[in-house]
Amino acid sequence: MKILVIEDDREAARYLEKAFTEAGHSADIAGDGETGYALAEQGTYDALVVDRMLPRRDGLSVVAALRAQGNDTPALILSALGQVDDRVTGLRAGGDDYLTKPYAFSELLARIEVLQRRSSPKEAETVYRVGDLELDRLSHTARRAGQVIILQPREFRLLEYLMRHSGQVVTRTMLLEHVWDYHFDPQTNVIDVHVSRLRGKIEKGFETPLLHTVRGAGYMLKAAAGTNA
Amino acid sequence: MSRFRAMMKMTAVRLSALYLVLFTICALVLVFYITSSSVRLLTTQTETAINEEIESIGQVYQRGGIVGLVRTIDRRGRQPGAYLYLVTDPAGRIVAGNVQSIEVGVLQTEGWIERPITYERYNEGSDPQVHTAIARVIVMPNGIRVMVGRDLGEPEQVRLVVRRALMAALGIMGVGAFLIWFFVGRRALQRIDEVSVASQRIMGGDLAGRLPVSGSGDEYDRLSENLNGMLARIQELNEGVRHVSDNIAHDLKTPLTRMHNRAESALSSAKTTKAYRAAMEGMISDSDQLIRTFNAILMISRLESGYSTEIMEQIALSTIAEDVFELYEPSAEEAGVKLTLGPIDETPVKANRELIGQTISNLVDNAIKYAGVSDNPVEVTLSVEKHDDKVKVTVADNGPGIPADQVARATERFVRLEESRSQPGSGLGLSLAKAVMKLHGGTLELTDNAPGLRAVLVFPVGEENV
């Protein structure tokens, strides 16, 4: 995955470049808004990480200009601001996600990977499959190995989100955002308890674990190697 | 001298000086007007009197001829305050009269002598005085000239008396004004000097210092009281800042030290990859705590500096409360806390879903975390109720609660009531809630739940919902 980082803080940019590379992606760096816009305009990137405050051209206007051109490369906006109204303006300008500094790289990585997948056709599928787990979005049912799993509405949405992003790390904050639609930092283990309840329902009585905890980052729904994930 | 100059610079003194000058000009114009019009009046009266006297003398002459005239004039001329009489024969020799000498040429004119004339009277002893008078001269058919005049002493005296009185009044006023300036000005200067001295002391670093208040309740007192209120507020904020920075230092130092220690001990003693990994993970979780604390600090200062009302929408608090309940129910159960949903009112209020969601979550989180310390089976109740024009979101627990004398402190930034700061948390939850409620035009109330704590978010209901 080819990522363009538009960030004027050199050290932060270099750190991101290195971290993305280590995570198996490649990253280019643009030090100001104009350069970033010129690079992003070519449309060769899978995702953009855009700092909000940039020299020469601010991050929001870069994203807005790209969108106006019909360029819909997923963009994640980074900001030192990051309060309720900033998020709204950021997303309104055409950003796909918003992350406040300081952030953990694992959070940024998880979000970028999810963003990139967002544009893939999985969005449109009505049935999600991970290993022998199956979720029908139309009939609101989940089965594992043909056996119906009874889920609360919220558990269904949680599973739906995890399955849509199967094979990817999803963080607790991402779950709170997409399943509960709140954008604050879940301080205690509230999300973990929900996940472990869900895990109990989908794994109890089955040999292979599907829902994995990724230490220091979040969760990943993944079939065991060899099965279709 | 410099004190006098300082006094002259005072607004009050300048104003009163201006008034004094204006008043003096008015008084002078008035004096001039009064004296000149009263003199004119008296002169007219004198002229009328002279005319009447001439008439009467004419009658005497007609009846008794020149002899009668002379006799009458001799008699009348000796009375005190008499008219001036002078009778001359056609040759110009004085026949009768009470005038010893007179300006030359007066008798040559006939009719009114327009200007005041000077003369000397008989019978004034050894020291004859020069007087001024007006007079009329008539010429009899046989060439005898008769002059009748009247002294102008009376109108002159009136003029003099009025002027003297007004001058005296002006003088007294001037002295009075000066005394008032001096005492009032000096007093005012003294008070201002006291205030300056006190302010300099405060500027010099004595933030506990206050401006003097005399207790008279005058404008200086009011000013000092207001400034003192301002100083108290500044001191409070200043202490708040100091308190916060102390606490920030403490809160950030602890995880930083822990990270440092972890890294150090990993370097010196970790042998396996697994041990390194554990150290790294510990450091990440410490740094996450730091990030959380920073985010909370940033959020509070953003909230306190105010948001646009654009982020507010009409929303039923019940939906948010239900979301939070649903979010926390499993973890409460896990913690052995019975979380229940009380009465739920669906009145919409103007609120920001995110901020209120976070606030209620914080309160529930606090209730579970702190109530969990107590021995009794813990219950936390979340409810939304409408009372008159207020909607109240209540999070009530039966845990240890907050002692009544510490309730006010509980919402201060970074205050964690147990001094050891052993429980995880930034100590910012309640101050965040307070800031959020302030933004919503509501309040955060902390009361005793006997036992436990009752945290109530009080929202005003907008007019459109009443």
# chains A, B, ... in the order shown; residues from 1 in each chain; ligands from 1
>>> closest_atom_pairs(of="region 74-175 of chain A", to="region 188-199 of chain A", cutoff="8 Å", atoms="only C-alpha atoms", output="CSV")
residue,atom,partner,partner_atom,distance
A:Glu155,CA,A:Leu198,CA,6.4
A:Leu158,CA,A:Val195,CA,8.0
A:Leu159,CA,A:Leu198,CA,7.6
A:Arg172,CA,A:Ile191,CA,6.2
A:Leu175,CA,A:Ile191,CA,7.6
>>> select_by_dssp(residues="region 42-84 of chain A", states="helix (DSSP H, G or I)", output="number ranges by chain")
A: 59-68, 84
>>> interface_residues(of="chain B", to="chain A", cutoff="9 Å", atoms="only C-alpha atoms", output="ChimeraX atom specification")
/B:281,284-285,287-288,291-292,294-295,298-299,302-303,307-308,310-311,323,326-332,334,352-355,357-358,361-362,365,425
>>> atom_distance(atom1="CA of His178 (chain A)", atom2="CA of Thr213 (chain A)")
18.3 Å
>>> residues_around(residues="Thr340 (chain B)", least_positions_apart="3", cutoff="8 Å", atoms="only C-alpha atoms", output="PDB file with N, CA and C atoms, in the first residue's frame")
ATOM      1  N   PHE B 325     -25.675   3.515  28.957  1.00  0.00           N
ATOM      2  CA  PHE B 325     -26.068   2.364  29.769  1.00  0.00           C
ATOM      3  C   PHE B 325     -25.695   1.063  29.059  1.00  0.00           C
ATOM      4  N   GLU B 379     -24.473  -0.549  43.634  1.00  0.00           N
ATOM      5  CA  GLU B 379     -25.501  -0.278  42.634  1.00  0.00           C
ATOM      6  C   GLU B 379     -25.279   1.108  42.073  1.00  0.00           C
ATOM      7  N   VAL B 380     -25.371   1.208  40.766  1.00  0.00           N
ATOM      8  CA  VAL B 380     -25.270   2.514  40.111  1.00  0.00           C
ATOM      9  C   VAL B 380     -26.528   2.684  39.275  1.00  0.00           C
ATOM     10  N   THR B 381     -27.205   3.815  39.473  1.00  0.00           N
ATOM     11  CA  THR B 381     -28.442   4.053  38.726  1.00  0.00           C
ATOM     12  C   THR B 381     -28.267   5.269  37.827  1.00  0.00           C
ATOM     13  N   LEU B 382     -28.700   5.086  36.589  1.00  0.00           N
ATOM     14  CA  LEU B 382     -28.631   6.175  35.621  1.00  0.00           C
ATOM     15  C   LEU B 382     -30.063   6.542  35.266  1.00  0.00           C
TER      16      LEU B 382
END
>>> closest_residue(among="B:Ala263, B:Val148, B:Leu341, B:Ala396", to="Ile57 (chain B)", atoms="only C-alpha atoms")
B:Val148
>>> atom_distance(atom1="CA of Thr208 (chain A)", atom2="CA of Lys222 (chain A)")
10.3 Å
>>> residues_around(residues="Ala455 (chain B)", least_positions_apart="5", cutoff="9 Å", atoms="only C-alpha atoms", output="PyMOL selection string")
chain B and resi 363+393-397+444-449
>>> atom_distance(atom1="CA of Gln289 (chain B)", atom2="CA of Lys253 (chain B)")
11.6 Å
>>> residues_around(residues="Ile192 (chain B)", least_positions_apart="5", cutoff="10 Å", atoms="only C-alpha atoms", output="PyMOL selection string")
chain B and resi 186-187+197-198+212+220
>>> residues_around(residues="Val39 (chain B)", least_positions_apart="3", cutoff="12 Å", atoms="only C-alpha atoms", output="count of residues only")
22
